[in-house]
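Participant: I have a structure I would like to understand better, so I am pasting it below and will then ask my questions one at a time.
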Amino acid sequence: ISKDGTYVLAPEHDAAQVQWGGDWRMPTYQELIDLKNNCVWTWTTMYGVYGFVVTGKGDYASNSIFLPCAGYGDGTSRSNYGSRGNYWSSVPYSNYNNAYELSFNSSDPSTSYCGRNYGLSVRPVQGFTK
């Protein structure tokens, strides 16, 4: 819980903020839902890695990002590299041992939650939340 009592990570616990500084941060759960619902997702291979090119719609149609299937860390091993993408949000789920995530394989993305002991990818975003 952040200092103001919300369920978004405080800056000192936000991996993107700690590593990159400035106004970089991890996306909120709502931002991951918006990305999932309001963009065109195209399965592709880029530089030999499977993943999705995610392209905005309407006024944002010229904006896109590539989200690779980087898999996730599980203790001392890496699982599902090249076949799954799992990305953290900054929002804890339930008892704080879990957090919301965006995940996908070659099918459409979904949102769920995962144990915070797993090493999921972080896709930093810029700007402050409202």
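Labeling convention for the structure tokens: chains A, B, ... as they appear, residues from 1 per chain, ligands from 1 in order of appearance.
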Looking only at helix (DSSP H, G or I) from DSSP on the backbone, list the matching residues of chain A as JSON, numbers by chain.
Facilitator: {"A": [11, 12, 13, 15, 16, 17, 18, 19, 20, 29, 30, 31, 32, 33, 34, 35, 36, 37, 38, 58, 59, 60]}
Participant: Using CA of Ser121 (chain A) and CA of Gly75 (chain A) as the two end points, give the distance in Å to one decimal.
Facilitator: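 Between CA of Ser121 (chain A) and CA of Gly75 (chain A) the gap works out to 14.6 Å.
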Participant: Please, what distance in Å, to one decimal, runs between CA of Gln19 (chain A) and CA of Gly71 (chain A)?
Facilitator: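 Separating CA of Gln19 (chain A) from CA of Gly71 (chain A) is a distance of 20.6 Å.
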Participant: Could you build a table of the residues in region 10-75 of chain A lying no more than 8 Å from region 106-109 of chain A, giving for each the nearest pair of atoms and their separation in Å rounded to one decimal place, using only C-alpha atoms, ordered by chain and ascending residue number, as CSV?
Facilitator:
```
residue,atom,partner,partner_atom,distance
A:Lys36,CA,A:Pro109,CA,6.4
A:Trp41,CA,A:Asp108,CA,7.5
A:Trp43,CA,A:Ser106,CA,6.4
A:Gly51,CA,A:Ser106,CA,7.5
```
Participant: Between CA of Gln126 (chain A) and CA of Ala16 (chain A), what is the spacing in Å?
Facilitator: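 Computed distance, CA of Ala16 (chain A) to CA of Gln126 (chain A), equals 9.5 Å.
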Participant: Determine, counting only C-alpha atoms, which protein, DNA and RNA residues have an atom within 12 Å of an atom of Gly48 (chain A); residues of the same chain fewer than 4 positions away are not included. Present the result as a list of chain:residue names.
Facilitator: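 So the residues in contact are A:Thr44, A:Pro68, A:Cys69, A:Ala70, A:Gly82.
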Participant: Go ahead and write the selection's residues with C-alpha atoms as a PDB file, in the first residue's frame.
Facilitator:
```
ATOM      1  CA  THR A  44       4.451 -11.955 -34.483  1.00  0.00           C
ATOM      2  CA  PRO A  68       7.858 -10.376 -25.967  1.00  0.00           C
ATOM      3  CA  CYS A  69       7.146 -13.810 -24.569  1.00  0.00           C
ATOM      4  CA  ALA A  70       9.850 -13.532 -21.940  1.00  0.00           C
ATOM      5  CA  GLY A  82       9.350 -17.897 -25.974  1.00  0.00           C
TER       6      GLY A  82
END
```
Participant: Counting only C-alpha atoms, which residue out of A:Tyr29, A:Tyr100, A:Tyr50, A:Tyr81 sits closest to Gly115 (chain A)?
Facilitator: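 Once distances to Gly115 (chain A) are computed over only C-alpha atoms, the minimum belongs to A:Tyr100.
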Participant: What residues in region 4-88 of chain A get the DSSP label strand (DSSP E or B)? Please answer as a count of residues only.
Facilitator: 34
Participant: Select, from A:Cys114, A:Met46, A:Asn80, A:Tyr72, the residue with the minimum atom-to-atom distance to Ser94 (chain A), counting only C-alpha atoms.
Facilitator: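 Ranked by minimum distance to Ser94 (chain A), first place goes to A:Cys114.
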Participant: Name the closest residue to Ala61 (chain A) among the candidates A:Asn38, A:Asn117, A:Leu102, A:Gln17; distances are taken between atoms, counting only C-alpha atoms.
Facilitator: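 Result for the nearest residue to Ala61 (chain A): A:Asn38.
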Participant: Counting only C-alpha atoms, figure out which residue out of A:Gly119, A:Gly21, A:Pro27, A:Gly56 gets nearest to Val91 (chain A).
Facilitator: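 When distances to Val91 (chain A) are compared using only C-alpha atoms, the smallest one comes from A:Pro27.
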Participant: Find the residues near region 22-25 of chain A: any atom within 9 Å, counting only C-alpha atoms, skip ones fewer than 5 places away on the same chain, and give them as a ChimeraX atom specification.
Facilitator: /A:11,14-17,90,123-128
Participant: Based on the selection just made, write all heavy atoms of those residues as a compact mmCIF listing (two decimals), in the first residue's frame.
Facilitator:
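Generated output (again27.txt):
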```
# COMPACT_ATOMS: atom_id res chain seq x y z
N PRO A 11 6.49 4.70 -4.60
CA PRO A 11 7.64 4.80 -5.52
C PRO A 11 8.85 3.97 -5.09
O PRO A 11 9.51 3.37 -5.93
CB PRO A 11 7.96 6.30 -5.53
CG PRO A 11 6.65 6.95 -5.22
CD PRO A 11 5.95 6.01 -4.26
N ASP A 14 8.35 0.44 -6.33
CA ASP A 14 8.02 0.30 -7.75
C ASP A 14 9.31 0.02 -8.51
O ASP A 14 10.20 0.86 -8.57
CB ASP A 14 7.35 1.59 -8.22
CG ASP A 14 6.86 1.51 -9.65
OD1 ASP A 14 7.64 1.10 -10.53
OD2 ASP A 14 5.70 1.90 -9.89
N ALA A 15 9.42 -1.17 -9.10
CA ALA A 15 10.66 -1.57 -9.78
C ALA A 15 11.06 -0.60 -10.89
O ALA A 15 12.24 -0.28 -11.04
CB ALA A 15 10.51 -2.98 -10.35
N ALA A 16 10.11 -0.12 -11.67
CA ALA A 16 10.42 0.82 -12.75
C ALA A 16 10.93 2.14 -12.19
O ALA A 16 11.91 2.70 -12.70
CB ALA A 16 9.20 1.04 -13.64
N GLN A 17 10.30 2.65 -11.16
CA GLN A 17 10.71 3.90 -10.54
C GLN A 17 12.10 3.77 -9.91
O GLN A 17 12.96 4.63 -10.09
CB GLN A 17 9.69 4.33 -9.49
CG GLN A 17 10.05 5.50 -8.64
CD GLN A 17 10.39 6.78 -9.39
OE1 GLN A 17 11.23 7.51 -8.93
NE2 GLN A 17 9.76 7.05 -10.50
N SER A 90 1.20 -2.61 -10.90
CA SER A 90 1.66 -2.07 -9.62
C SER A 90 0.65 -2.29 -8.50
O SER A 90 0.81 -1.79 -7.41
CB SER A 90 1.91 -0.57 -9.77
OG SER A 90 0.70 0.09 -10.11
N ARG A 123 7.02 -3.81 -17.73
CA ARG A 123 7.02 -2.92 -18.88
C ARG A 123 6.72 -1.51 -18.35
O ARG A 123 5.59 -1.16 -18.10
CB ARG A 123 5.96 -3.33 -19.91
CG ARG A 123 5.74 -2.38 -21.08
CD ARG A 123 7.04 -1.97 -21.75
NE ARG A 123 6.83 -1.21 -22.96
CZ ARG A 123 6.89 0.13 -23.01
NH1 ARG A 123 7.09 0.83 -21.93
NH2 ARG A 123 6.72 0.75 -24.15
N PRO A 124 7.79 -0.71 -18.10
CA PRO A 124 7.58 0.62 -17.52
C PRO A 124 6.73 1.52 -18.41
O PRO A 124 6.74 1.41 -19.63
CB PRO A 124 9.00 1.18 -17.41
CG PRO A 124 9.89 -0.02 -17.42
CD PRO A 124 9.20 -1.01 -18.30
N VAL A 125 5.99 2.40 -17.76
CA VAL A 125 5.24 3.45 -18.44
C VAL A 125 5.69 4.77 -17.84
O VAL A 125 6.28 4.82 -16.76
CB VAL A 125 3.71 3.27 -18.29
CG1 VAL A 125 3.25 1.98 -18.96
CG2 VAL A 125 3.29 3.28 -16.83
N GLN A 126 5.41 5.84 -18.57
CA GLN A 126 5.84 7.14 -18.13
C GLN A 126 4.64 8.01 -17.81
O GLN A 126 3.61 7.93 -18.47
CB GLN A 126 6.67 7.81 -19.22
CG GLN A 126 7.74 8.69 -18.71
CD GLN A 126 8.69 9.14 -19.79
OE1 GLN A 126 8.44 8.97 -20.97
NE2 GLN A 126 9.81 9.70 -19.40
N GLY A 127 4.77 8.83 -16.80
CA GLY A 127 3.70 9.74 -16.41
C GLY A 127 3.09 9.29 -15.09
O GLY A 127 3.23 8.14 -14.67
N PHE A 128 2.45 10.20 -14.47
CA PHE A 128 1.87 9.94 -13.15
C PHE A 128 0.42 9.54 -13.28
O PHE A 128 -0.27 9.97 -14.21
CB PHE A 128 2.03 11.17 -12.24
CG PHE A 128 3.49 11.46 -12.01
CD1 PHE A 128 4.13 12.47 -12.69
CD2 PHE A 128 4.22 10.69 -11.10
CE1 PHE A 128 5.47 12.72 -12.48
CE2 PHE A 128 5.55 10.95 -10.88
CZ PHE A 128 6.19 11.96 -11.58
```
